[in-house]
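In what follows, a structure is listed as structure tokens, so that the remarks can point back to it.
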Amino acid sequence: MKPLLYCSLLSAVSLLAAADDSTAAPPDREQVVSAMKRAATFYREKVALRGGYVYYYSLDLRRRLAEGPATPTQICVQPPATPTVGMAYLKAHEATGDSYFLEAARETARSLAYGQLRSGGWTQKIDFDSRSKEAGQYRNGKGHPKGKNNSSFDDGQSQSAMLFMIRCDEALGFEDRTVHESARIAMAALLAAQYPNGGFPQVWTGPVSRQKVVKAVFPRYDWRTEGRVKDYWNLYTLNDGVAGYITPVLIEARRIYREERFHAALRRLGDFLILAQMPEPQPAWAQQYTHDMHPAWARRFEPPAISARESEDAMLTLMTIFNETGDRKYLAPIPPALAWLKRSLLPDGRQARYYELGNNKPLYMNREAGTKNYFLTNSDKDLPDHYGWKNTPRIAAIQAQHNRLMKNGPEKGSNPTAAQLEPAVRKFVGELDSQGRWITRYAGQPLVGQPKFRQGEPFIASGVFSHNLKTLADWLIATR
């Protein structure tokens with residue numbers, strides 16, 4: 001399973017539209033390297049703020065957007081921002097050996113180290129203005145004295161930073177004290193945030209509390225009106241790919257630092273996913289669980305329910321853990337979960353985000369007219385548009401991967417071939433403008449952060465830069 005941080009923007013913007021032309025001459029390597037250097041030079045020297053980035057920029061770089069407008073002193077941690085760009089620099093250095101890319105990655109890592117919280121992880125933004133109310137309790141003591149210390153796994157925030165930091169630490173030979181110290185503290189914080197049953201919270205401020213290890217069960221109380229927990233972020237969480245983002249961090253930490261404690265934590269995460277699978281007739285997963293392992297409320301429009309999207313992420317994560325361990329117990333939950341997904345599809349072939357506990361009816365949340373009050377409903381009429389109530393299923397891909405693993409055992413991921421990459425390489429080299437920019441025009445597509453762009457408005461996107469630079473680097477590696 002690919003870490004989600006590489007896919008954040010790509011689900012919304014089609015970047016590989018170039019048609020394959022097997023009769024065309026291969027791209028020129030010198031032109032590709034030159035394009036990579038020009039693009040990275042523009043991004044590092046014109047776009048970066050102290051080595052960090054946000055999601056989107058106006059062409060004059062005055063408008064900066066993350067989850068909403070970003071101030072001139074803010075960068076964003078959540079993909080596809082600072083760690084995503086840093087990973088692209090590392091890939092470019094791997095492909096070319098050019099120290100310029102490694103120094104760009106070092107600057108990016110140091111920007112993240114600046115905004116690392118005392119709790120060891122990161123939150124959505126870093127603010128270099130200590131007077132800003134959005135500045136946190138940074139480990140370096142330069143944050144806001146009353147700032148928050150809430151390290152977050154939401155949407156891959158801490159995980160993407162951790163993955164980049166440990167890979168950058170390795171690329172720098174573990175010799176950059178700032179980067180190495182930040183990476184090691186982050187890894188210690190990751191392990192301390194894992195509950196005894198292997199689950200993780202959405203947010204943590206220090207080592208988590210000890211909890212009993214039990215199997216997931218349906219609540220016996222009225223889940224519609226009971227069981228709400230104010231601090232739901234302390235509960236076991238699968239929402240927004242928490243497990244899928246954490247998995248590659250643990251795998252890479254074991255490889256880079258050669259410490260088996262990260263492998264043990266990976267197995268515990270797999271054990272938690274086995275525990276968290278609900279019993280029949282809904283053998284799938286919820287978005288979050290109480291410490292008694294009941295599906296739990298989170299935000300007021302996120303009810304206790306079986307969640308199709310989180311169930312798919314759980315299955316993909318289990319298969320990744322099987323690939324690392326060879327233990328078939330991590331494959332056992334998948335067939336009943338796939339069977340549930342297949343019988344739960346909506347008439348239009350999509351899947352609801354939520355299914356009601358027990359009766360498996362599609363479950364939605366709507367708002368009372370003129371208010372912010374939500375109510376539960378089985379009707380999909382006139383739903384609020386701020387949330388994804390339905391998803392495109394990934395059943396076929398999950399089924400195919402499970403079949404291969406059952407037949408052949410653990411498999412290693414394969415990289416795209418040079419021939420597969422060539423159309424995109426030609427496209428990206430050709431689209432780079434004279435300033436070293438890849439410019440995107442808004443075409444009505446949904447974008448991470450839900451920015452407000454006019455139809456046809458041009459902008460610069462960190463996700464596009466990162467994807468294009470990485471693709472060019474992958475092609476160079478494939479054609480060595």
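As shown in the structure tokens, the chain order sets the letters A, B, ...; within each chain, residues go from 1, and ligands are also counted from 1 in the order they appear.
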For the structure I just gave you, how does DSSP split region 23-136 of chain A - specifically, which residues are strand (DSSP E)? Reply as a list in words.
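Those in region 23-136 of chain A that DSSP calls strand (DSSP E) are Tyr56, Tyr57, Arg64, Leu65, Ala66, Gly68, Pro69, Gln74, Ile75, Cys76, Lys125, Ile126 and Asp127 of chain A.
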Which residues come within 8 Å of region 169-178 of chain A, counting only C-alpha atoms, excluding same-chain residues fewer than 6 positions away, as a list of chain:residue names?
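So, after excluding close chain neighbours, the residues are A:Leu90, A:Leu102, A:Arg106, A:Arg110, A:Ala113, A:Ile256.
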Enumerate as number ranges by chain all residues of region 243-326 of chain A assigned to alpha helix (DSSP H) by DSSP on the backbone, naming them with the chain letters and numbers the document uses.
A: 243-257, 260-276, 308-325
Write to file, as an mmCIF file, in the first residue's frame, the residues of the selection just made, with C-alpha atoms.
```cif
data_model
loop_
_atom_site.group_PDB
_atom_site.id
_atom_site.type_symbol
_atom_site.label_atom_id
_atom_site.label_comp_id
_atom_site.auth_asym_id
_atom_site.auth_seq_id
_atom_site.Cartn_x
_atom_site.Cartn_y
_atom_site.Cartn_z
ATOM 1 C CA ALA A 243 -3.495 3.351 10.314
ATOM 2 C CA GLY A 244 -2.564 3.652 6.649
ATOM 3 C CA TYR A 245 -0.352 6.659 7.326
ATOM 4 C CA ILE A 246 1.338 5.185 10.422
ATOM 5 C CA THR A 247 2.217 1.855 8.799
ATOM 6 C CA PRO A 248 4.968 3.070 6.420
ATOM 7 C CA VAL A 249 6.488 5.169 9.217
ATOM 8 C CA LEU A 250 6.956 2.081 11.386
ATOM 9 C CA ILE A 251 8.273 0.057 8.439
ATOM 10 C CA GLU A 252 10.799 2.703 7.452
ATOM 11 C CA ALA A 253 11.839 3.367 11.064
ATOM 12 C CA ARG A 254 12.750 -0.294 11.465
ATOM 13 C CA ARG A 255 14.735 -0.254 8.214
ATOM 14 C CA ILE A 256 16.527 3.037 8.892
ATOM 15 C CA TYR A 257 17.317 2.645 12.596
ATOM 16 C CA GLU A 260 12.921 -4.233 16.264
ATOM 17 C CA ARG A 261 10.679 -2.185 18.550
ATOM 18 C CA PHE A 262 9.205 -0.545 15.455
ATOM 19 C CA HIS A 263 8.378 -3.946 13.973
ATOM 20 C CA ALA A 264 6.738 -4.956 17.259
ATOM 21 C CA ALA A 265 4.654 -1.772 17.127
ATOM 22 C CA LEU A 266 3.638 -2.621 13.547
ATOM 23 C CA ARG A 267 2.429 -6.046 14.636
ATOM 24 C CA ARG A 268 0.495 -4.483 17.522
ATOM 25 C CA LEU A 269 -1.197 -2.157 15.053
ATOM 26 C CA GLY A 270 -2.216 -5.180 12.985
ATOM 27 C CA ASP A 271 -3.471 -6.896 16.139
ATOM 28 C CA PHE A 272 -5.568 -3.829 16.919
ATOM 29 C CA LEU A 273 -7.177 -3.956 13.472
ATOM 30 C CA ILE A 274 -8.099 -7.588 14.111
ATOM 31 C CA LEU A 275 -9.609 -6.634 17.473
ATOM 32 C CA ALA A 276 -11.439 -3.656 15.970
ATOM 33 C CA ALA A 308 -16.782 1.750 4.367
ATOM 34 C CA ARG A 309 -13.805 3.986 3.669
ATOM 35 C CA GLU A 310 -12.054 3.215 6.951
ATOM 36 C CA SER A 311 -12.788 -0.471 6.387
ATOM 37 C CA GLU A 312 -10.948 -0.349 3.079
ATOM 38 C CA ASP A 313 -8.008 1.411 4.710
ATOM 39 C CA ALA A 314 -7.955 -1.234 7.448
ATOM 40 C CA MET A 315 -7.806 -4.032 4.860
ATOM 41 C CA LEU A 316 -5.040 -2.332 2.864
ATOM 42 C CA THR A 317 -3.082 -1.801 6.067
ATOM 43 C CA LEU A 318 -3.502 -5.437 7.101
ATOM 44 C CA MET A 319 -2.140 -6.573 3.749
ATOM 45 C CA THR A 320 0.863 -4.281 4.129
ATOM 46 C CA ILE A 321 1.515 -5.701 7.590
ATOM 47 C CA PHE A 322 1.261 -9.219 6.159
ATOM 48 C CA ASN A 323 3.867 -8.268 3.572
ATOM 49 C CA GLU A 324 6.227 -7.275 6.372
ATOM 50 C CA THR A 325 5.526 -10.176 8.734
#
```
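The list of residues with at least one atom within 12 Å of Asn391 (chain A), based on only C-alpha atoms and without residues fewer than 2 positions apart in the same chain, reads Ser307, Ala308, Arg309, Glu310, Ser311, Glu312, Leu341, Leu345, Leu346, Asp348, Gly349, Arg350, Gln351, Ala352, Arg353, Tyr354, Tyr387, Gly388, Trp389, Pro393, Arg394 and Ile395 of chain A.
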Export of prior selection with N, CA and C atoms as an mmCIF file, in the first residue's frame:
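The result, stored in again15.cif:
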```cif
data_model
loop_
_atom_site.group_PDB
_atom_site.id
_atom_site.type_symbol
_atom_site.label_atom_id
_atom_site.label_comp_id
_atom_site.auth_asym_id
_atom_site.auth_seq_id
_atom_site.Cartn_x
_atom_site.Cartn_y
_atom_site.Cartn_z
ATOM 1 N N SER A 307 -17.971 2.120 8.887
ATOM 2 C CA SER A 307 -17.481 3.043 7.868
ATOM 3 C C SER A 307 -16.812 2.281 6.734
ATOM 4 N N ALA A 308 -17.321 2.473 5.520
ATOM 5 C CA ALA A 308 -16.782 1.750 4.367
ATOM 6 C C ALA A 308 -15.360 2.197 4.042
ATOM 7 N N ARG A 309 -15.129 3.500 4.057
ATOM 8 C CA ARG A 309 -13.805 3.986 3.669
ATOM 9 C C ARG A 309 -12.740 3.530 4.662
ATOM 10 N N GLU A 310 -13.017 3.666 5.949
ATOM 11 C CA GLU A 310 -12.054 3.215 6.951
ATOM 12 C C GLU A 310 -11.878 1.695 6.913
ATOM 13 N N SER A 311 -12.920 0.982 6.519
ATOM 14 C CA SER A 311 -12.788 -0.471 6.387
ATOM 15 C C SER A 311 -11.829 -0.832 5.265
ATOM 16 N N GLU A 312 -11.896 -0.103 4.166
ATOM 17 C CA GLU A 312 -10.948 -0.349 3.079
ATOM 18 C C GLU A 312 -9.524 -0.037 3.516
ATOM 19 N N LEU A 341 -18.711 -5.477 2.263
ATOM 20 C CA LEU A 341 -18.679 -4.338 1.353
ATOM 21 C C LEU A 341 -19.508 -4.605 0.100
ATOM 22 N N LEU A 345 -23.222 -2.231 -1.133
ATOM 23 C CA LEU A 345 -23.152 -1.195 -2.157
ATOM 24 C C LEU A 345 -24.513 -0.544 -2.374
ATOM 25 N N LEU A 346 -24.475 0.728 -2.674
ATOM 26 C CA LEU A 346 -25.694 1.472 -2.998
ATOM 27 C C LEU A 346 -26.159 1.115 -4.406
ATOM 28 N N ASP A 348 -26.380 2.783 -7.006
ATOM 29 C CA ASP A 348 -25.568 3.377 -8.066
ATOM 30 C C ASP A 348 -24.144 2.828 -8.099
ATOM 31 N N GLY A 349 -23.839 1.806 -7.280
ATOM 32 C CA GLY A 349 -22.525 1.183 -7.280
ATOM 33 C C GLY A 349 -21.538 1.817 -6.333
ATOM 34 N N ARG A 350 -21.898 2.938 -5.719
ATOM 35 C CA ARG A 350 -21.021 3.556 -4.731
ATOM 36 C C ARG A 350 -21.307 2.958 -3.357
ATOM 37 N N GLN A 351 -20.581 3.439 -2.359
ATOM 38 C CA GLN A 351 -20.821 2.990 -0.993
ATOM 39 C C GLN A 351 -21.055 4.202 -0.109
ATOM 40 N N ALA A 352 -21.922 4.041 0.856
ATOM 41 C CA ALA A 352 -22.130 5.118 1.829
ATOM 42 C C ALA A 352 -20.914 5.207 2.731
ATOM 43 N N ARG A 353 -20.677 6.385 3.229
ATOM 44 C CA ARG A 353 -19.587 6.521 4.194
ATOM 45 C C ARG A 353 -19.926 5.766 5.473
ATOM 46 N N TYR A 354 -21.195 5.835 5.884
ATOM 47 C CA TYR A 354 -21.636 5.206 7.133
ATOM 48 C C TYR A 354 -22.766 4.224 6.878
ATOM 49 N N TYR A 387 -18.904 17.455 3.399
ATOM 50 C CA TYR A 387 -18.421 16.163 3.862
ATOM 51 C C TYR A 387 -18.689 15.133 2.775
ATOM 52 N N GLY A 388 -17.814 14.138 2.674
ATOM 53 C CA GLY A 388 -18.008 13.091 1.678
ATOM 54 C C GLY A 388 -18.905 11.992 2.205
ATOM 55 N N TRP A 389 -20.180 12.032 1.840
ATOM 56 C CA TRP A 389 -21.147 11.066 2.364
ATOM 57 C C TRP A 389 -21.150 9.751 1.598
ATOM 58 N N PRO A 393 -16.022 2.710 -4.423
ATOM 59 C CA PRO A 393 -15.416 1.544 -3.761
ATOM 60 C C PRO A 393 -14.108 1.115 -4.411
ATOM 61 N N ARG A 394 -13.250 0.492 -3.598
ATOM 62 C CA ARG A 394 -11.988 -0.086 -4.084
ATOM 63 C C ARG A 394 -11.999 -1.599 -3.921
ATOM 64 N N ILE A 395 -13.177 -2.182 -3.978
ATOM 65 C CA ILE A 395 -13.341 -3.610 -3.691
ATOM 66 C C ILE A 395 -12.523 -4.468 -4.641
#
```
Within 10 Å of region 63-84 of chain A, which residues of region 89-197 of chain A come that close, and what is the closest atom pair and distance in Å for each? Count only C-alpha atoms and give it as a Markdown table.
```
| residue | atom | partner | partner_atom | distance |
| --- | --- | --- | --- | --- |
| A:Tyr89 | CA | A:Thr84 | CA | 8.9 |
| A:Ala105 | CA | A:Pro83 | CA | 9.2 |
| A:Thr108 | CA | A:Thr82 | CA | 6.9 |
| A:Ala109 | CA | A:Pro83 | CA | 7.9 |
| A:Ser111 | CA | A:Thr82 | CA | 8.5 |
| A:Leu112 | CA | A:Val77 | CA | 7.7 |
| A:Gly115 | CA | A:Val77 | CA | 9.1 |
| A:Trp122 | CA | A:Val77 | CA | 7.3 |
| A:Thr123 | CA | A:Val77 | CA | 6.9 |
| A:Gln124 | CA | A:Val77 | CA | 5.2 |
| A:Lys125 | CA | A:Cys76 | CA | 4.4 |
| A:Ile126 | CA | A:Ile75 | CA | 5.4 |
| A:Asp127 | CA | A:Gln74 | CA | 4.4 |
| A:Phe128 | CA | A:Thr73 | CA | 5.4 |
| A:Asp129 | CA | A:Thr73 | CA | 6.1 |
| A:Ser130 | CA | A:Thr73 | CA | 9.7 |
| A:Ser132 | CA | A:Thr73 | CA | 9.1 |
| A:Glu134 | CA | A:Gln74 | CA | 9.0 |
| A:Ala135 | CA | A:Gln74 | CA | 8.9 |
| A:Ser152 | CA | A:Gln78 | CA | 9.9 |
| A:Phe153 | CA | A:Gln78 | CA | 9.6 |
| A:Asp154 | CA | A:Gln78 | CA | 8.5 |
| A:Asp155 | CA | A:Gln78 | CA | 6.7 |
| A:Gly156 | CA | A:Gln78 | CA | 6.4 |
| A:Gln157 | CA | A:Gln78 | CA | 4.4 |
| A:Ser158 | CA | A:Val77 | CA | 7.7 |
| A:Gln159 | CA | A:Gln78 | CA | 9.1 |
| A:Ser160 | CA | A:Pro83 | CA | 6.0 |
| A:Ala161 | CA | A:Pro83 | CA | 5.3 |
| A:Met162 | CA | A:Pro83 | CA | 8.5 |
| A:Leu163 | CA | A:Pro83 | CA | 8.2 |
| A:Phe164 | CA | A:Pro83 | CA | 5.8 |
| A:Met165 | CA | A:Pro83 | CA | 8.1 |
```
Write the selection just made, keeping N, CA and C atoms, as a JSON list (two decimals), in the first residue's frame?
```json
[["chain", "number", "residue", "atom", "x", "y", "z"],
["A", 89, "TYR", "N", 12.17, 16.39, -2.92],
["A", 89, "TYR", "CA", 13.58, 16.78, -2.96],
["A", 89, "TYR", "C", 14.48, 15.57, -2.71],
["A", 105, "ALA", "N", 16.15, 19.64, 0.85],
["A", 105, "ALA", "CA", 15.47, 18.75, 1.80],
["A", 105, "ALA", "C", 15.89, 19.08, 3.23],
["A", 108, "THR", "N", 13.98, 22.01, 4.45],
["A", 108, "THR", "CA", 12.61, 21.62, 4.74],
["A", 108, "THR", "C", 12.52, 20.87, 6.06],
["A", 109, "ALA", "N", 13.45, 19.97, 6.31],
["A", 109, "ALA", "CA", 13.46, 19.23, 7.57],
["A", 109, "ALA", "C", 13.65, 20.17, 8.76],
["A", 111, "SER", "N", 12.74, 23.27, 8.90],
["A", 111, "SER", "CA", 11.50, 24.03, 9.12],
["A", 111, "SER", "C", 10.51, 23.21, 9.94],
["A", 112, "LEU", "N", 10.46, 21.90, 9.67],
["A", 112, "LEU", "CA", 9.59, 21.03, 10.46],
["A", 112, "LEU", "C", 10.11, 20.87, 11.88],
["A", 115, "GLY", "N", 8.92, 23.60, 14.14],
["A", 115, "GLY", "CA", 7.54, 23.54, 14.59],
["A", 115, "GLY", "C", 7.14, 22.24, 15.25],
["A", 122, "TRP", "N", 3.42, 16.80, 15.38],
["A", 122, "TRP", "CA", 3.11, 18.05, 14.70],
["A", 122, "TRP", "C", 1.60, 18.23, 14.62],
["A", 123, "THR", "N", 1.19, 19.45, 14.40],
["A", 123, "THR", "CA", -0.20, 19.75, 14.08],
["A", 123, "THR", "C", -0.24, 20.32, 12.67],
["A", 124, "GLN", "N", -1.39, 20.80, 12.26],
["A", 124, "GLN", "CA", -1.60, 21.14, 10.86],
["A", 124, "GLN", "C", -0.68, 22.24, 10.34],
["A", 125, "LYS", "N", -0.43, 23.27, 11.14],
["A", 125, "LYS", "CA", 0.37, 24.41, 10.70],
["A", 125, "LYS", "C", 1.54, 24.66, 11.64],
["A", 126, "ILE", "N", 2.54, 25.35, 11.12],
["A", 126, "ILE", "CA", 3.63, 25.90, 11.91],
["A", 126, "ILE", "C", 3.62, 27.40, 11.69],
["A", 127, "ASP", "N", 3.69, 28.16, 12.77],
["A", 127, "ASP", "CA", 3.70, 29.62, 12.66],
["A", 127, "ASP", "C", 5.02, 30.13, 13.24],
["A", 128, "PHE", "N", 5.78, 30.85, 12.43],
["A", 128, "PHE", "CA", 7.07, 31.36, 12.87],
["A", 128, "PHE", "C", 6.94, 32.64, 13.69],
["A", 129, "ASP", "N", 5.72, 33.14, 13.83],
["A", 129, "ASP", "CA", 5.46, 34.32, 14.66],
["A", 129, "ASP", "C", 5.01, 33.85, 16.05],
["A", 130, "SER", "N", 5.86, 34.01, 17.04],
["A", 130, "SER", "CA", 5.53, 33.51, 18.38],
["A", 130, "SER", "C", 4.36, 34.25, 19.01],
["A", 132, "SER", "N", 1.59, 34.84, 17.37],
["A", 132, "SER", "CA", 0.38, 34.33, 16.75],
["A", 132, "SER", "C", -0.31, 33.31, 17.65],
["A", 134, "GLU", "N", -1.94, 30.91, 16.65],
["A", 134, "GLU", "CA", -1.85, 29.60, 16.02],
["A", 134, "GLU", "C", -0.49, 28.96, 16.21],
["A", 135, "ALA", "N", 0.45, 29.67, 16.82],
["A", 135, "ALA", "CA", 1.74, 29.07, 17.15],
["A", 135, "ALA", "C", 1.55, 28.13, 18.34],
["A", 152, "SER", "N", -0.95, 15.64, 16.25],
["A", 152, "SER", "CA", -2.13, 15.07, 15.59],
["A", 152, "SER", "C", -1.75, 14.06, 14.52],
["A", 153, "PHE", "N", -2.53, 12.96, 14.48],
["A", 153, "PHE", "CA", -2.45, 11.99, 13.40],
["A", 153, "PHE", "C", -3.52, 12.26, 12.33],
["A", 154, "ASP", "N", -4.31, 13.30, 12.50],
["A", 154, "ASP", "CA", -5.41, 13.56, 11.57],
["A", 154, "ASP", "C", -4.86, 13.88, 10.18],
["A", 155, "ASP", "N", -5.41, 13.23, 9.17],
["A", 155, "ASP", "CA", -5.02, 13.49, 7.77],
["A", 155, "ASP", "C", -3.52, 13.37, 7.54],
["A", 156, "GLY", "N", -2.86, 12.52, 8.29],
["A", 156, "GLY", "CA", -1.44, 12.26, 8.05],
["A", 156, "GLY", "C", -0.51, 13.37, 8.49],
["A", 157, "GLN", "N", -0.94, 14.25, 9.39],
["A", 157, "GLN", "CA", -0.12, 15.40, 9.75],
["A", 157, "GLN", "C", 1.22, 14.97, 10.35],
["A", 158, "SER", "N", 1.18, 14.34, 11.51],
["A", 158, "SER", "CA", 2.44, 13.92, 12.14],
["A", 158, "SER", "C", 3.12, 12.80, 11.35],
["A", 159, "GLN", "N", 2.33, 11.88, 10.80],
["A", 159, "GLN", "CA", 2.93, 10.74, 10.10],
["A", 159, "GLN", "C", 3.75, 11.18, 8.89],
["A", 160, "SER", "N", 3.22, 12.14, 8.11],
["A", 160, "SER", "CA", 3.95, 12.58, 6.92],
["A", 160, "SER", "C", 5.24, 13.28, 7.32],
["A", 161, "ALA", "N", 5.17, 14.08, 8.39],
["A", 161, "ALA", "CA", 6.39, 14.74, 8.88],
["A", 161, "ALA", "C", 7.39, 13.71, 9.39],
["A", 162, "MET", "N", 6.92, 12.71, 10.12],
["A", 162, "MET", "CA", 7.81, 11.69, 10.65],
["A", 162, "MET", "C", 8.51, 10.91, 9.54],
["A", 163, "LEU", "N", 7.73, 10.50, 8.53],
["A", 163, "LEU", "CA", 8.30, 9.72, 7.44],
["A", 163, "LEU", "C", 9.37, 10.51, 6.71],
["A", 164, "PHE", "N", 9.09, 11.78, 6.44],
["A", 164, "PHE", "CA", 10.10, 12.60, 5.78],
["A", 164, "PHE", "C", 11.32, 12.81, 6.67],
["A", 165, "MET", "N", 11.11, 13.09, 7.95],
["A", 165, "MET", "CA", 12.23, 13.39, 8.84],
["A", 165, "MET", "C", 13.18, 12.20, 8.96]]
```
